[in-house]
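Undergrad: Handing over structure.txt, compact mmCIF, C-alpha atoms.
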# COMPACT_ATOMS: atom_id res chain seq x y z
CA MET A 685 5.18 -15.19 2.51
CA ASN A 686 8.38 -16.81 3.81
CA PHE A 687 9.46 -18.84 0.79
CA SER A 688 12.34 -20.47 2.65
CA MET A 689 9.91 -22.12 5.09
CA MET A 690 8.11 -24.02 2.32
CA HIS A 691 8.91 -27.66 1.60
CA PRO A 692 11.03 -28.12 -1.57
CA ALA A 693 8.20 -30.02 -3.30
CA ASP A 694 5.76 -27.19 -2.57
CA GLN A 695 8.25 -24.61 -3.84
CA ILE A 696 8.64 -26.45 -7.13
CA VAL A 697 4.87 -26.82 -7.57
CA MET A 698 4.27 -23.14 -6.81
CA ILE A 699 6.92 -21.83 -9.20
CA MET A 700 6.13 -24.30 -12.01
CA ASN A 701 2.43 -23.46 -11.84
CA ARG A 702 3.35 -19.79 -11.94
CA ILE A 703 5.61 -20.26 -14.97
CA TYR A 704 2.91 -22.22 -16.79
CA ARG A 705 0.09 -19.85 -15.85
CA TYR A 706 1.91 -16.89 -17.38
CA GLY A 707 2.65 -18.65 -20.65
CA LEU A 708 6.35 -19.17 -20.04
CA THR A 709 6.35 -22.93 -20.62
CA THR A 710 4.21 -25.65 -22.19
CA THR A 711 2.48 -28.67 -20.69
CA SER A 712 5.54 -30.83 -21.25
CA GLY A 713 8.30 -28.21 -21.19
CA GLY A 714 10.66 -26.98 -18.51
CA ASN A 715 12.04 -28.42 -15.30
CA LEU A 716 12.91 -27.15 -11.83
CA SER A 717 15.09 -28.53 -9.08
CA ILE A 718 16.18 -27.74 -5.53
CA MET A 719 19.24 -29.13 -3.75
CA ASP A 720 18.53 -29.55 -0.05
CA ASP A 721 21.01 -29.51 2.83
CA ASN A 722 21.22 -33.32 2.80
CA GLY A 723 22.41 -33.43 -0.82
CA ILE A 724 19.03 -34.66 -2.10
CA MET A 725 17.85 -33.10 -5.36
CA TRP A 726 14.12 -32.44 -5.58
CA ILE A 727 13.11 -32.20 -9.23
CA SER A 728 10.00 -31.97 -11.40
CA PRO A 729 8.96 -35.24 -13.10
CA SER A 730 9.12 -36.29 -16.72
CA GLY A 731 5.98 -36.39 -18.87
CA ILE A 732 3.59 -34.91 -16.28
CA ASP A 733 1.30 -31.95 -17.02
CA LYS A 734 3.20 -28.83 -15.88
CA GLY A 735 -0.05 -26.91 -15.61
CA ASN A 736 -1.44 -29.28 -12.99
CA LEU A 737 1.57 -30.33 -10.94
CA ARG A 738 1.06 -31.68 -7.39
CA ARG A 739 3.53 -31.99 -4.52
CA GLU A 740 3.38 -35.81 -4.70
CA ASP A 741 4.58 -35.62 -8.34
CA ILE A 742 7.95 -34.18 -7.33
CA MET A 743 10.84 -36.64 -7.51
CA ARG A 744 13.83 -37.08 -5.20
CA VAL A 745 17.26 -37.92 -6.63
CA PHE A 746 19.85 -39.10 -4.11
CA PRO A 747 23.62 -38.44 -4.27
CA ASP A 748 24.27 -41.96 -5.59
CA GLY A 749 21.93 -41.33 -8.57
CA THR A 750 19.03 -43.46 -7.33
CA TYR A 751 15.66 -41.80 -7.17
CA GLU A 752 12.34 -42.09 -5.37
CA GLY A 753 8.81 -41.04 -6.24
CA ILE A 754 5.74 -42.05 -8.23
CA HIS A 755 7.19 -40.98 -11.61
CA THR A 756 10.61 -40.66 -13.20
CA PRO A 757 12.74 -37.52 -12.89
CA SER A 758 12.80 -34.99 -15.71
CA VAL A 759 14.69 -36.21 -18.76
CA GLU A 760 16.98 -33.22 -18.20
CA TYR A 761 17.98 -34.23 -14.67
CA PRO A 762 21.53 -35.20 -15.83
CA PHE A 763 22.36 -31.56 -16.58
CA HIS A 764 20.94 -30.52 -13.20
CA GLN A 765 23.31 -33.03 -11.59
CA ALA A 766 26.22 -31.75 -13.68
CA ILE A 767 25.53 -28.14 -12.70
CA TYR A 768 25.28 -28.90 -8.98
CA LYS A 769 28.54 -30.86 -9.21
CA ALA A 770 30.27 -27.93 -10.93
CA ARG A 771 28.70 -25.38 -8.59
CA PRO A 772 28.10 -26.78 -5.08
CA ASP A 773 27.05 -23.28 -3.96
CA LEU A 774 23.84 -23.40 -6.00
CA LYS A 775 20.57 -24.22 -4.22
CA ALA A 776 18.10 -24.21 -7.14
CA ILE A 777 17.97 -24.54 -10.94
CA LEU A 778 15.27 -23.39 -13.36
CA HIS A 779 15.05 -24.42 -17.01
CA ALA A 780 12.31 -23.35 -19.43
CA HIS A 781 11.77 -22.21 -22.99
CA PRO A 782 9.33 -19.29 -23.21
CA PRO A 783 8.72 -18.05 -26.79
CA THR A 784 10.74 -14.85 -26.38
CA LEU A 785 13.86 -16.54 -25.02
CA VAL A 786 13.55 -19.32 -27.60
CA ALA A 787 13.56 -16.59 -30.27
CA PHE A 788 16.84 -15.25 -28.89
CA SER A 789 18.30 -18.75 -28.59
CA VAL A 790 17.45 -19.47 -32.24
CA ALA A 791 19.00 -16.15 -33.30
CA ARG A 792 22.00 -16.88 -31.04
CA LYS A 793 21.70 -13.47 -29.35
CA PHE A 794 21.37 -12.25 -25.77
CA PRO A 795 18.42 -10.16 -24.58
CA ASN A 796 19.69 -6.68 -23.75
CA THR A 797 19.59 -6.35 -19.96
CA LEU A 798 20.69 -2.70 -20.10
CA LEU A 799 17.33 -1.38 -21.28
CA VAL A 800 16.04 -0.82 -17.74
CA PRO A 801 18.22 -0.29 -14.66
CA HIS A 802 17.15 -3.16 -12.43
CA ALA A 803 17.55 -5.88 -15.09
CA ARG A 804 21.34 -6.04 -15.25
CA LEU A 805 21.50 -5.98 -11.45
CA ILE A 806 19.09 -8.93 -11.23
CA CYS A 807 20.28 -11.00 -14.21
CA GLY A 808 24.05 -10.47 -14.04
CA GLU A 809 26.29 -11.55 -16.92
CA LEU A 810 24.96 -14.06 -19.46
CA ALA A 811 26.64 -16.94 -21.29
CA TYR A 812 25.76 -19.38 -24.08
CA ALA A 813 26.05 -23.18 -24.06
CA GLU A 814 26.51 -25.02 -27.35
CA TYR A 815 23.64 -27.12 -28.65
CA ALA A 816 23.43 -30.80 -27.70
CA LEU A 817 20.69 -33.43 -27.60
CA PRO A 818 18.23 -32.90 -24.69
CA GLY A 819 18.93 -35.30 -21.84
CA SER A 820 22.38 -36.17 -23.19
CA LYS A 821 25.63 -36.23 -21.25
CA LYS A 822 27.05 -33.76 -23.77
CA LEU A 823 24.35 -31.19 -22.99
CA GLY A 824 25.16 -31.47 -19.30
CA GLU A 825 28.86 -30.95 -20.04
CA ASN A 826 28.17 -27.91 -22.22
CA ILE A 827 25.92 -26.22 -19.68
CA SER A 828 27.90 -27.07 -16.54
CA ALA A 829 31.08 -25.77 -18.22
CA GLN A 830 29.54 -22.30 -18.37
CA PHE A 831 28.32 -22.49 -14.78
CA ALA A 832 31.82 -23.59 -13.73
CA LYS A 833 33.10 -20.26 -15.11
CA GLY A 834 30.87 -18.45 -12.62
CA TYR A 835 27.84 -17.67 -14.77
CA ASN A 836 24.42 -18.15 -13.15
CA THR A 837 22.34 -17.55 -16.29
CA VAL A 838 23.09 -19.61 -19.39
CA MET A 839 21.25 -19.41 -22.71
CA LEU A 840 21.08 -22.69 -24.65
CA GLU A 841 21.50 -22.68 -28.43
CA ASN A 842 18.16 -23.57 -30.07
CA HIS A 843 16.66 -24.49 -26.74
CA GLY A 844 15.96 -21.93 -24.00
CA VAL A 845 17.62 -20.86 -20.78
CA VAL A 846 18.99 -22.37 -17.55
CA ILE A 847 19.28 -20.29 -14.38
CA GLY A 848 20.94 -21.27 -11.13
CA SER A 849 20.57 -19.50 -7.80
CA PRO A 850 22.79 -19.71 -4.72
CA GLU A 851 19.78 -18.57 -2.65
CA ASN A 852 16.52 -20.29 -3.58
CA LEU A 853 14.13 -21.17 -6.40
CA PHE A 854 12.22 -17.90 -6.17
CA LYS A 855 15.43 -15.92 -6.83
CA ALA A 856 16.03 -18.08 -9.93
CA PHE A 857 12.46 -17.34 -11.02
CA MET A 858 13.02 -13.60 -10.49
CA VAL A 859 16.01 -13.71 -12.87
CA PHE A 860 14.02 -15.79 -15.38
CA GLU A 861 11.04 -13.43 -15.30
CA THR A 862 13.28 -10.36 -15.64
CA LEU A 863 15.22 -11.86 -18.56
CA ASP A 864 11.95 -12.72 -20.31
CA PHE A 865 10.76 -9.15 -19.69
CA CYS A 866 13.92 -7.78 -21.34
CA ALA A 867 13.42 -10.09 -24.31
CA ARG A 868 9.80 -8.98 -24.77
CA LEU A 869 10.77 -5.35 -24.39
CA GLU A 870 13.51 -5.57 -27.01
CA ILE A 871 11.28 -7.42 -29.49
CA ASN A 872 8.51 -4.84 -29.02
CA ALA A 873 10.94 -1.97 -29.50
CA ARG A 874 12.26 -3.48 -32.70
CA THR A 875 8.72 -4.14 -33.92
CA ILE A 876 7.96 -0.42 -33.90
CA GLY A 877 10.97 -0.02 -36.14
CA LEU A 878 13.64 1.30 -33.81
CA ASN A 879 16.71 -0.05 -32.06
CA PRO A 880 16.29 0.25 -28.29
CA ARG A 881 18.63 2.60 -26.46
CA PRO A 882 20.61 0.91 -23.66
CA LEU A 883 21.52 2.72 -20.48
CA THR A 884 25.00 4.15 -20.25
CA LYS A 885 27.46 3.25 -17.52
CA ALA A 886 26.96 6.71 -15.99
CA GLU A 887 23.17 6.26 -15.93
CA LEU A 888 23.47 2.88 -14.23
CA GLU A 889 25.78 4.38 -11.65
CA ARG A 890 23.25 7.16 -11.02
CA PHE A 891 20.53 4.56 -10.49
CA GLN A 892 22.67 2.61 -8.04
CA LEU A 893 22.99 5.75 -5.94
CA LYS A 894 19.21 5.61 -5.43
CA THR A 895 18.68 4.83 -1.77
CA HIS A 896 15.89 4.65 0.76
CA PRO A 897 15.29 8.01 2.39
CA VAL A 898 16.17 8.20 6.07
CA MET A 899 12.82 8.28 7.88
CA GLU A 900 11.66 8.20 11.44
CA GLU A 901 9.36 5.33 12.45
CA TYR A 902 6.06 5.44 14.30
CA GLU A 903 3.36 3.10 15.59
CA PRO A 904 0.44 3.39 13.14
CA VAL A 905 -3.28 3.50 13.82
CA TYR A 906 -5.52 1.87 11.19
CA SER A 907 -8.99 3.22 10.49
CA SER A 908 -11.65 0.97 8.96
CA GLU A 909 -11.40 3.12 5.82
CA GLU A 910 -7.69 2.42 5.56
CA LEU A 911 -8.17 -1.31 6.11
CA GLY A 912 -10.55 -1.30 3.14
CA MET A 913 -7.96 0.56 1.06
CA ARG A 914 -5.30 -2.02 1.96
CA ARG A 915 -7.59 -4.83 0.84
CA ASP A 916 -8.43 -3.08 -2.44
CA MET A 917 -4.81 -2.22 -3.14
CA CYS A 918 -3.69 -5.82 -2.74
CA ARG A 919 -6.44 -7.04 -5.07
CA LEU A 920 -5.37 -4.59 -7.79
CA ILE A 921 -1.65 -5.26 -7.26
CA LYS A 922 -2.27 -8.97 -7.85
CA ARG A 923 -4.40 -8.14 -10.88
CA ALA A 924 -1.59 -5.94 -12.20
CA TYR A 925 0.77 -8.90 -11.96
CA GLU A 926 -1.69 -11.28 -13.60
CA ASN A 927 -2.21 -8.81 -16.46
CA GLU A 928 1.57 -8.48 -16.97
CA LEU A 929 1.63 -4.85 -15.86
CA PHE A 930 4.02 -5.70 -13.00
CA THR A 931 6.81 -8.20 -12.45
CA SER A 932 7.36 -9.99 -9.15
CA SER A 933 9.99 -7.47 -8.07
CA GLN A 934 9.03 -4.25 -9.88
CA GLY A 935 5.98 -1.99 -9.68
CA THR A 936 4.63 0.37 -7.03
CA PHE A 937 1.10 1.32 -5.95
CA SER A 938 0.21 4.08 -3.53
CA CYS A 939 -3.08 5.53 -2.33
CA ARG A 940 -3.85 8.65 -0.29
CA VAL A 941 -5.51 8.00 3.09
CA SER A 942 -5.72 11.61 4.27
CA ASP A 943 -3.99 14.95 3.66
CA ASP A 944 -0.68 13.85 5.22
CA THR A 945 -0.99 10.04 5.06
CA PHE A 946 -0.75 7.48 2.25
CA LEU A 947 -0.17 3.76 1.74
CA ILE A 948 2.57 2.38 -0.51
CA THR A 949 3.90 -1.03 -1.53
CA PRO A 950 6.94 -2.33 0.39
CA TYR A 951 10.45 -2.69 -0.96
CA ASP A 952 11.65 -6.05 -2.34
CA MET A 953 8.55 -8.17 -1.72
CA ASP A 954 6.91 -10.41 -4.33
CA ARG A 955 3.92 -8.51 -5.71
CA THR A 956 1.94 -11.71 -6.27
CA TYR A 957 1.67 -12.56 -2.59
CA LEU A 958 1.33 -9.14 -0.97
CA GLU A 959 -1.18 -9.01 1.86
CA PRO A 960 -2.83 -5.94 3.44
CA GLU A 961 -0.49 -6.06 6.43
CA ASP A 962 2.56 -5.81 4.11
CA LEU A 963 1.65 -2.33 2.82
CA VAL A 964 3.51 0.59 4.40
CA GLN A 965 1.76 3.60 5.92
CA ILE A 966 3.56 6.92 5.42
CA LYS A 967 2.48 9.82 7.64
CA ALA A 968 3.95 13.33 7.63
CA GLY A 969 7.29 12.08 6.28
CA LYS A 970 7.55 9.14 8.71
CA ARG A 971 7.19 5.42 7.97
CA GLU A 972 5.23 2.68 9.64
CA LYS A 973 7.40 0.94 12.21
CA GLY A 974 9.30 -2.13 11.03
CA LYS A 975 8.54 -1.69 7.31
CA ILE A 976 10.55 -0.42 4.35
CA PRO A 977 8.63 1.44 1.62
CA SER A 978 9.35 1.39 -2.10
CA ARG A 979 12.39 3.42 -3.09
CA SER A 980 10.11 5.64 -5.21
CA MET A 981 8.33 6.77 -2.02
CA HIS A 982 9.61 10.36 -2.27
CA LEU A 983 8.08 10.80 -5.74
CA HIS A 984 4.68 9.60 -4.49
CA GLU A 985 4.96 11.86 -1.47
CA GLU A 986 5.71 14.87 -3.69
CA ILE A 987 2.80 14.13 -6.02
CA TYR A 988 0.36 14.04 -3.10
CA ARG A 989 1.86 17.18 -1.56
CA GLN A 990 1.59 19.18 -4.78
CA HIS A 991 -1.74 17.82 -6.07
CA PRO A 992 -4.65 17.52 -3.60
CA GLU A 993 -6.83 16.23 -6.45
CA ILE A 994 -4.62 13.15 -6.99
CA ASN A 995 -5.41 10.24 -4.67
CA ALA A 996 -3.53 7.34 -6.27
CA VAL A 997 -0.22 6.83 -8.07
CA ILE A 998 1.17 3.79 -9.90
CA VAL A 999 4.74 3.32 -11.14
CA ALA A 1000 5.04 0.33 -13.47
CA HIS A 1001 7.07 -1.22 -16.31
CA PRO A 1002 4.66 -3.01 -18.72
CA HIS A 1003 6.61 -4.36 -21.68
CA ASN A 1004 4.45 -2.85 -24.44
CA ILE A 1005 4.40 0.78 -23.32
CA MET A 1006 8.02 0.44 -22.18
CA ALA A 1007 8.97 -0.09 -25.84
CA PHE A 1008 8.35 3.65 -26.17
CA ALA A 1009 10.48 4.33 -23.09
CA VAL A 1010 13.56 2.63 -24.55
CA THR A 1011 13.31 4.14 -28.06
CA ASP A 1012 12.92 7.60 -29.56
CA GLN A 1013 9.40 6.70 -30.72
CA GLU A 1014 6.75 9.03 -29.27
CA PHE A 1015 3.49 7.57 -27.95
CA ASP A 1016 0.38 9.27 -29.33
CA ALA A 1017 -2.82 8.40 -27.43
CA ARG A 1018 -5.12 9.54 -30.26
CA LEU A 1019 -5.91 5.95 -31.23
CA ILE A 1020 -9.48 5.51 -30.07
CA PRO A 1021 -11.61 7.93 -28.00
CA GLU A 1022 -11.07 6.00 -24.75
CA SER A 1023 -7.29 6.12 -24.99
CA TYR A 1024 -7.29 9.89 -25.49
CA ILE A 1025 -9.90 10.50 -22.78
CA GLN A 1026 -7.88 8.51 -20.23
CA LEU A 1027 -4.35 9.48 -21.22
CA ARG A 1028 -4.53 12.86 -22.97
CA ASN A 1029 -1.16 14.15 -24.22
CA VAL A 1030 1.41 11.60 -23.09
CA LYS A 1031 4.83 13.12 -22.51
CA LYS A 1032 8.22 11.50 -22.14
CA TYR A 1033 10.86 12.63 -19.64
CA PRO A 1034 14.59 11.86 -19.25
CA PHE A 1035 15.97 8.91 -17.30
CA GLY A 1036 16.49 9.87 -13.68
CA SER A 1037 13.44 12.14 -13.46
CA THR A 1038 11.76 9.94 -10.84
CA PHE A 1039 14.64 9.73 -8.38
CA MET A 1040 16.93 12.68 -9.17
CA GLU A 1041 14.24 15.29 -9.83
CA ALA A 1042 11.22 14.05 -7.86
CA GLU A 1043 9.82 17.50 -7.07
CA GLU A 1044 10.05 18.65 -10.69
CA MET A 1045 8.58 15.37 -11.95
CA ALA A 1046 5.67 15.60 -9.52
CA ALA A 1047 4.87 19.11 -10.77
CA ARG A 1048 4.51 17.82 -14.35
CA LEU A 1049 1.72 15.38 -13.46
CA THR A 1050 -1.60 17.21 -13.54
CA VAL A 1051 -5.27 16.59 -14.33
CA ASP A 1052 -4.53 17.43 -17.98
CA ASN A 1053 -1.34 15.33 -18.03
CA PRO A 1054 -2.13 12.42 -15.70
CA VAL A 1055 0.45 9.96 -17.08
CA ALA A 1056 4.11 10.04 -18.06
CA ILE A 1057 6.79 7.89 -19.65
CA ILE A 1058 10.29 7.97 -18.15
CA GLU A 1059 13.05 6.97 -20.55
CA ASN A 1060 14.55 3.53 -19.79
CA ASP A 1061 12.78 3.45 -16.44
CA CYS A 1062 9.01 3.30 -16.03
CA VAL A 1063 5.59 4.74 -16.70
CA ILE A 1064 3.62 6.72 -14.12
CA THR A 1065 -0.16 6.94 -13.92
CA THR A 1066 -2.17 9.04 -11.49
CA GLY A 1067 -5.86 9.23 -10.69
CA LYS A 1068 -8.56 10.59 -8.46
CA SER A 1069 -8.95 7.02 -7.16
CA LEU A 1070 -6.97 3.79 -7.21
CA ILE A 1071 -9.21 2.22 -9.86
CA ASN A 1072 -8.86 5.39 -11.97
CA ALA A 1073 -5.04 5.19 -11.89
CA PHE A 1074 -5.16 1.43 -12.55
CA ASP A 1075 -7.54 1.89 -15.50
CA ARG A 1076 -5.15 4.43 -17.00
CA LEU A 1077 -2.27 1.96 -16.65
CA GLU A 1078 -4.26 -0.74 -18.43
CA VAL A 1079 -5.42 1.64 -21.17
CA MET A 1080 -1.85 2.83 -21.65
CA GLU A 1081 -0.48 -0.70 -21.99
CA TYR A 1082 -3.30 -1.96 -24.21
CA SER A 1083 -3.03 1.09 -26.44
CA ALA A 1084 0.72 0.57 -26.77
CA LYS A 1085 0.09 -3.06 -27.69
CA SER A 1086 -2.34 -1.91 -30.39
CA VAL A 1087 0.27 0.47 -31.80
CA ILE A 1088 2.88 -2.30 -31.91
CA MET A 1089 0.41 -4.59 -33.71
CA THR A 1090 -0.48 -1.83 -36.17
CA HIS A 1091 3.17 -1.54 -37.17
CA THR A 1092 2.91 -5.05 -38.65
CA LEU A 1093 -0.14 -4.04 -40.72
CA GLY A 1094 0.60 -0.59 -42.10
CA ASP A 1095 0.58 3.10 -41.26
CA ILE A 1096 -1.16 4.39 -38.14
CA VAL A 1097 -4.06 6.77 -38.75
CA HIS A 1098 -4.72 8.89 -35.68
CA ILE A 1099 -7.89 10.66 -34.64
CA THR A 1100 -7.76 14.16 -36.17
CA ASP A 1101 -7.39 17.42 -34.23
CA GLU A 1102 -11.01 18.28 -35.05
CA GLU A 1103 -12.18 14.92 -33.69
CA VAL A 1104 -10.09 15.48 -30.55
CA ASP A 1105 -11.78 18.85 -30.03
CA GLU A 1106 -15.16 17.13 -30.34
CA ILE A 1107 -14.15 14.54 -27.72
CA GLU A 1108 -12.89 17.21 -25.32
CA VAL A 1109 -16.14 19.17 -25.55
CA ALA A 1110 -18.37 16.07 -25.24
CA PHE A 1111 -16.51 14.68 -22.20
CA GLY A 1112 -15.77 17.99 -20.46
CA LEU A 1113 -12.01 17.79 -20.90
CA LYS A 1114 -11.63 21.47 -21.73
Show me the file's structure as structure tokens.

TA:
Amino acid sequence: MNFSMMHPADQIVMIMNRIYRYGLTTTSGGNLSIMDDNGIMWISPSGIDKGNLRREDIMRVFPDGTYEGIHTPSVEYPFHQAIYKARPDLKAILHAHPPTLVAFSVARKFPNTLLVPHARLICGELAYAEYALPGSKKLGENISAQFAKGYNTVMLENHGVVIGSPENLFKAFMVFETLDFCARLEINARTIGLNPRPLTKAELERFQLKTHPVMEEYEPVYSSEELGMRRDMCRLIKRAYENELFTSSQGTFSCRVSDDTFLITPYDMDRTYLEPEDLVQIKAGKREKGKIPSRSMHLHEEIYRQHPEINAVIVAHPHNIMAFAVTDQEFDARLIPESYIQLRNVKKYPFGSTFMEAEEMAARLTVDNPVAIIENDCVITTGKSLINAFDRLEVMEYSAKSVIMTHTLGDIVHITDEEVDEIEVAFGLK
């Protein structure tokens, strides 16, 4: 999908519906705007259901302050005007108050964007704006003053967050979604009783050295079997996003087509709108012409090379299981029979294992150890089929969520060793 080719009103409707659908704003909360090349600000309306927004609801505010449309502009449009005046380079502004970021704004703290490597790169430096009455001139002055200093992401005391993008509204949404992810991750980590461990400067520098492997290109041939795989992969990728297992910019699926060929998600494309033709075919170390695969491609390639029994691999960053990736807390799958059957003995490996030690990491993933947690990075699930790997990802995330909830109730009582032996015999795991 070429977001830049969409009309500003359609962009606002799409992103607002997405924010509302994923529980990141309320019916009346939040506002979005786009500044077009003619100096006209397109902005969401005041008092209109954010869960059912239409393109004709979007208002236009002209440079002289007059406006046009069937409603009135958002009550917050004065601070949008103030920000655009302070930062003429900005093309879009997003304001919302999801529960996690409200929690941080009430506590007057910043979400830690150093818990996973991509977050700081996406979100940049953060600032705070002092509290003022919504819709007031003072609020606009407080927020625009921080943007004037060069910040693009500004937390509001007892309010929420405002994000500006010099590119487009989707890039602002990507920052917003990533910041909310960091907030959820930190809250989950603290709920299990531990302070999360941030990445060091050296670790971030190591991550930034991660590059796309140099690969020859080729003209692919698609079998009917592969076309079916592409369709199924896209359906599950979209489901992964809807179930909060992926973010728009992070998460990788791959599926084996034959002994030397597999499909993998592309680099830097919104997971929500992936289509079968966007997936990248990898064959004998070469890539499908004109497409760039995920940067974790080498890890997937190594897993398939070393394990003929594995036919699907998923790398993801769900915020519940990632709480165990950013703390010293071990994850024990002996919660219910299903979690142990699917996950077995879940092991944790050091940061950098996926991109600095891909061959060694691939060797650790076996039938008996089909999943892994990588510190401050991701989780990996493998399977004999795509649905098998996806099921394991869901079971892993749901089990982690159960553990986090249990921490608010009391001590965790795991299935005993004797009961595990019984499960292994009954389900042929030995």

Undergrad: Could you pull the residues within 12 Å of Glu1102 (chain A), counting all atoms listed in the file, minus those fewer than 6 positions along the same chain, as a PyMOL selection string?

TA: chain A and resi 1018+1108-1109

Undergrad: Can you list every residue of region 756-819 of chain A that has an atom at most 12 Å from region 867-888 of chain A, with its nearest atom pair and the distance in Å to one decimal, using all atoms listed in the file, ordered by chain then number, as CSV?

TA:
residue,atom,partner,partner_atom,distance
A:Pro782,CA,A:Ala867,CA,10.1
A:Pro783,CA,A:Arg868,CA,9.4
A:Thr784,CA,A:Ala867,CA,5.8
A:Leu785,CA,A:Ala867,CA,6.5
A:Val786,CA,A:Ala867,CA,9.8
A:Ala787,CA,A:Ala867,CA,8.8
A:Phe788,CA,A:Ala867,CA,7.7
A:Ser789,CA,A:Ala867,CA,10.8
A:Lys793,CA,A:Ala867,CA,10.3
A:Phe794,CA,A:Ala867,CA,8.4
A:Pro795,CA,A:Ala867,CA,5.0
A:Asn796,CA,A:Glu870,CA,7.1
A:Thr797,CA,A:Pro882,CA,8.2
A:Leu798,CA,A:Pro882,CA,5.1
A:Leu799,CA,A:Pro882,CA,4.7
A:Val800,CA,A:Leu883,CA,7.1
A:Pro801,CA,A:Leu888,CA,6.1
A:His802,CA,A:Leu888,CA,8.9
A:Ala803,CA,A:Leu888,CA,10.6
A:Arg804,CA,A:Leu888,CA,9.2
A:Leu805,CA,A:Leu888,CA,9.5

Undergrad: What's the 7 Å shell around region 1038-1049 of chain A, counting all atoms listed in the file, without same-chain residues fewer than 3 positions away, as a ChimeraX atom specification?

TA: /A:894,980,982-983,986-987,990,1053-1055

Undergrad: Using only C-alpha atoms, please write the residues we just selected to a file, as a PDB file, keeping the file's coordinate frame.

TA:
ATOM      1  CA  LYS A 894      19.210   5.610  -5.430  1.00  0.00           C
ATOM      2  CA  SER A 980      10.110   5.640  -5.210  1.00  0.00           C
ATOM      3  CA  HIS A 982       9.610  10.360  -2.270  1.00  0.00           C
ATOM      4  CA  LEU A 983       8.080  10.800  -5.740  1.00  0.00           C
ATOM      5  CA  GLU A 986       5.710  14.870  -3.690  1.00  0.00           C
ATOM      6  CA  ILE A 987       2.800  14.130  -6.020  1.00  0.00           C
ATOM      7  CA  GLN A 990       1.590  19.180  -4.780  1.00  0.00           C
ATOM      8  CA  ASN A1053      -1.340  15.330 -18.030  1.00  0.00           C
ATOM      9  CA  PRO A1054      -2.130  12.420 -15.700  1.00  0.00           C
ATOM     10  CA  VAL A1055       0.450   9.960 -17.080  1.00  0.00           C
TER      11      VAL A1055
END

Undergrad: Near Glu1106 (chain A), counting only C-alpha atoms, which residues have an atom at most 12 Å away, once you skip same-chain residues fewer than 6 positions from it, shown as a list in words?

TA: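 In the requested format, the answer is Pro1021, Tyr1024, Ile1025, Ile1099, Thr1100, Gly1112, Leu1113 and Lys1114 of chain A.
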
Undergrad: CA of Ser938 (chain A) and CA of Gln965 (chain A) are how many Å apart?

TA: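 Value for the CA of Ser938 (chain A)-CA of Gln965 (chain A) distance: 9.6 Å.
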
Undergrad: Rank A:Glu910, A:Asp943, A:Glu1081, A:Glu926 by their smallest atom-to-atom distance to Lys967 (chain A), using all atoms listed in the file, and report the top residue only.

TA: A:Asp943

Undergrad: Separation of CA of Met981 (chain A) and CA of Ile948 (chain A), in Å?

TA: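 That distance, rounded to one decimal, is 7.4 Å.
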
Undergrad: By how many Å are CA of Gly824 (chain A) and CA of Asn842 (chain A) apart?

TA: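 CA of Gly824 (chain A) sits 15.1 Å away from CA of Asn842 (chain A).
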
Undergrad: Please determine, counting all atoms listed in the file, which residue among A:Glu993, A:Glu985, A:Glu1059, A:Asp694 has the shortest atom-to-atom distance to Pro897 (chain A).

TA: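 Checking each candidate against Pro897 (chain A), we get A:Glu985 as the closest.
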
Undergrad: Counting all atoms listed in the file, which residue out of A:Phe831, A:Tyr902, A:Phe687, A:Tyr957 sits closest to Ala770 (chain A)?

TA: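 Between A:Phe831, A:Tyr902, A:Phe687, A:Tyr957, the residue approaching Ala770 (chain A) most closely is A:Phe831.
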
Undergrad: Skip Ala776 (chain A) itself and residues of its chain fewer than 3 positions away, then list as a PyMOL selection string all residues within 6 Å of it, counting all atoms listed in the file.

TA: chain A and resi 717-718+848-849+852-853

Undergrad: Atoms to include: C-alpha atoms. Write the selected residues as a tab-separated table (two decimals), in the frame of the given file.

TA:
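Wrote it out as result06.tsv, contents follow:
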chain	number	residue	atom	x	y	z
A	717	SER	CA	15.09	-28.53	-9.08
A	718	ILE	CA	16.18	-27.74	-5.53
A	848	GLY	CA	20.94	-21.27	-11.13
A	849	SER	CA	20.57	-19.50	-7.80
A	852	ASN	CA	16.52	-20.29	-3.58
A	853	LEU	CA	14.13	-21.17	-6.40

Undergrad: Mind working out the centre and edge lengths of an axis-aligned box for region 766-770 of chain A, all listed atoms inside, 3 Å added to each side, rounded to one decimal in Å and written as lines of an AutoDock Vina configuration file?

TA:
center_x = 27.8
center_y = -29.8
center_z = -11.3
size_x = 11.0
size_y = 9.8
size_z = 10.7

Undergrad: With distances taken over all atoms listed in the file, which of A:Lys822, A:Cys918, A:Gln830, A:Leu840 is nearest to Ala791 (chain A)?

TA: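 Among the listed residues, the smallest separation from Ala791 (chain A) belongs to A:Leu840.
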
Undergrad: Any idea what's packed within 8 Å of Met725 (chain A), counting all atoms listed in the file, ignoring anything in its chain fewer than 5 positions away? Could you give it as a ChimeraX atom specification?

TA: /A:717-720,744-747

Undergrad: Go ahead and save the residues from that selection, with C-alpha atoms, as a PDB file, in the coordinates of the input.

TA:
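Just written: result.pdb:
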ATOM      1  CA  SER A 717      15.090 -28.530  -9.080  1.00  0.00           C
ATOM      2  CA  ILE A 718      16.180 -27.740  -5.530  1.00  0.00           C
ATOM      3  CA  MET A 719      19.240 -29.130  -3.750  1.00  0.00           C
ATOM      4  CA  ASP A 720      18.530 -29.550  -0.050  1.00  0.00           C
ATOM      5  CA  ARG A 744      13.830 -37.080  -5.200  1.00  0.00           C
ATOM      6  CA  VAL A 745      17.260 -37.920  -6.630  1.00  0.00           C
ATOM      7  CA  PHE A 746      19.850 -39.100  -4.110  1.00  0.00           C
ATOM      8  CA  PRO A 747      23.620 -38.440  -4.270  1.00  0.00           C
TER       9      PRO A 747
END
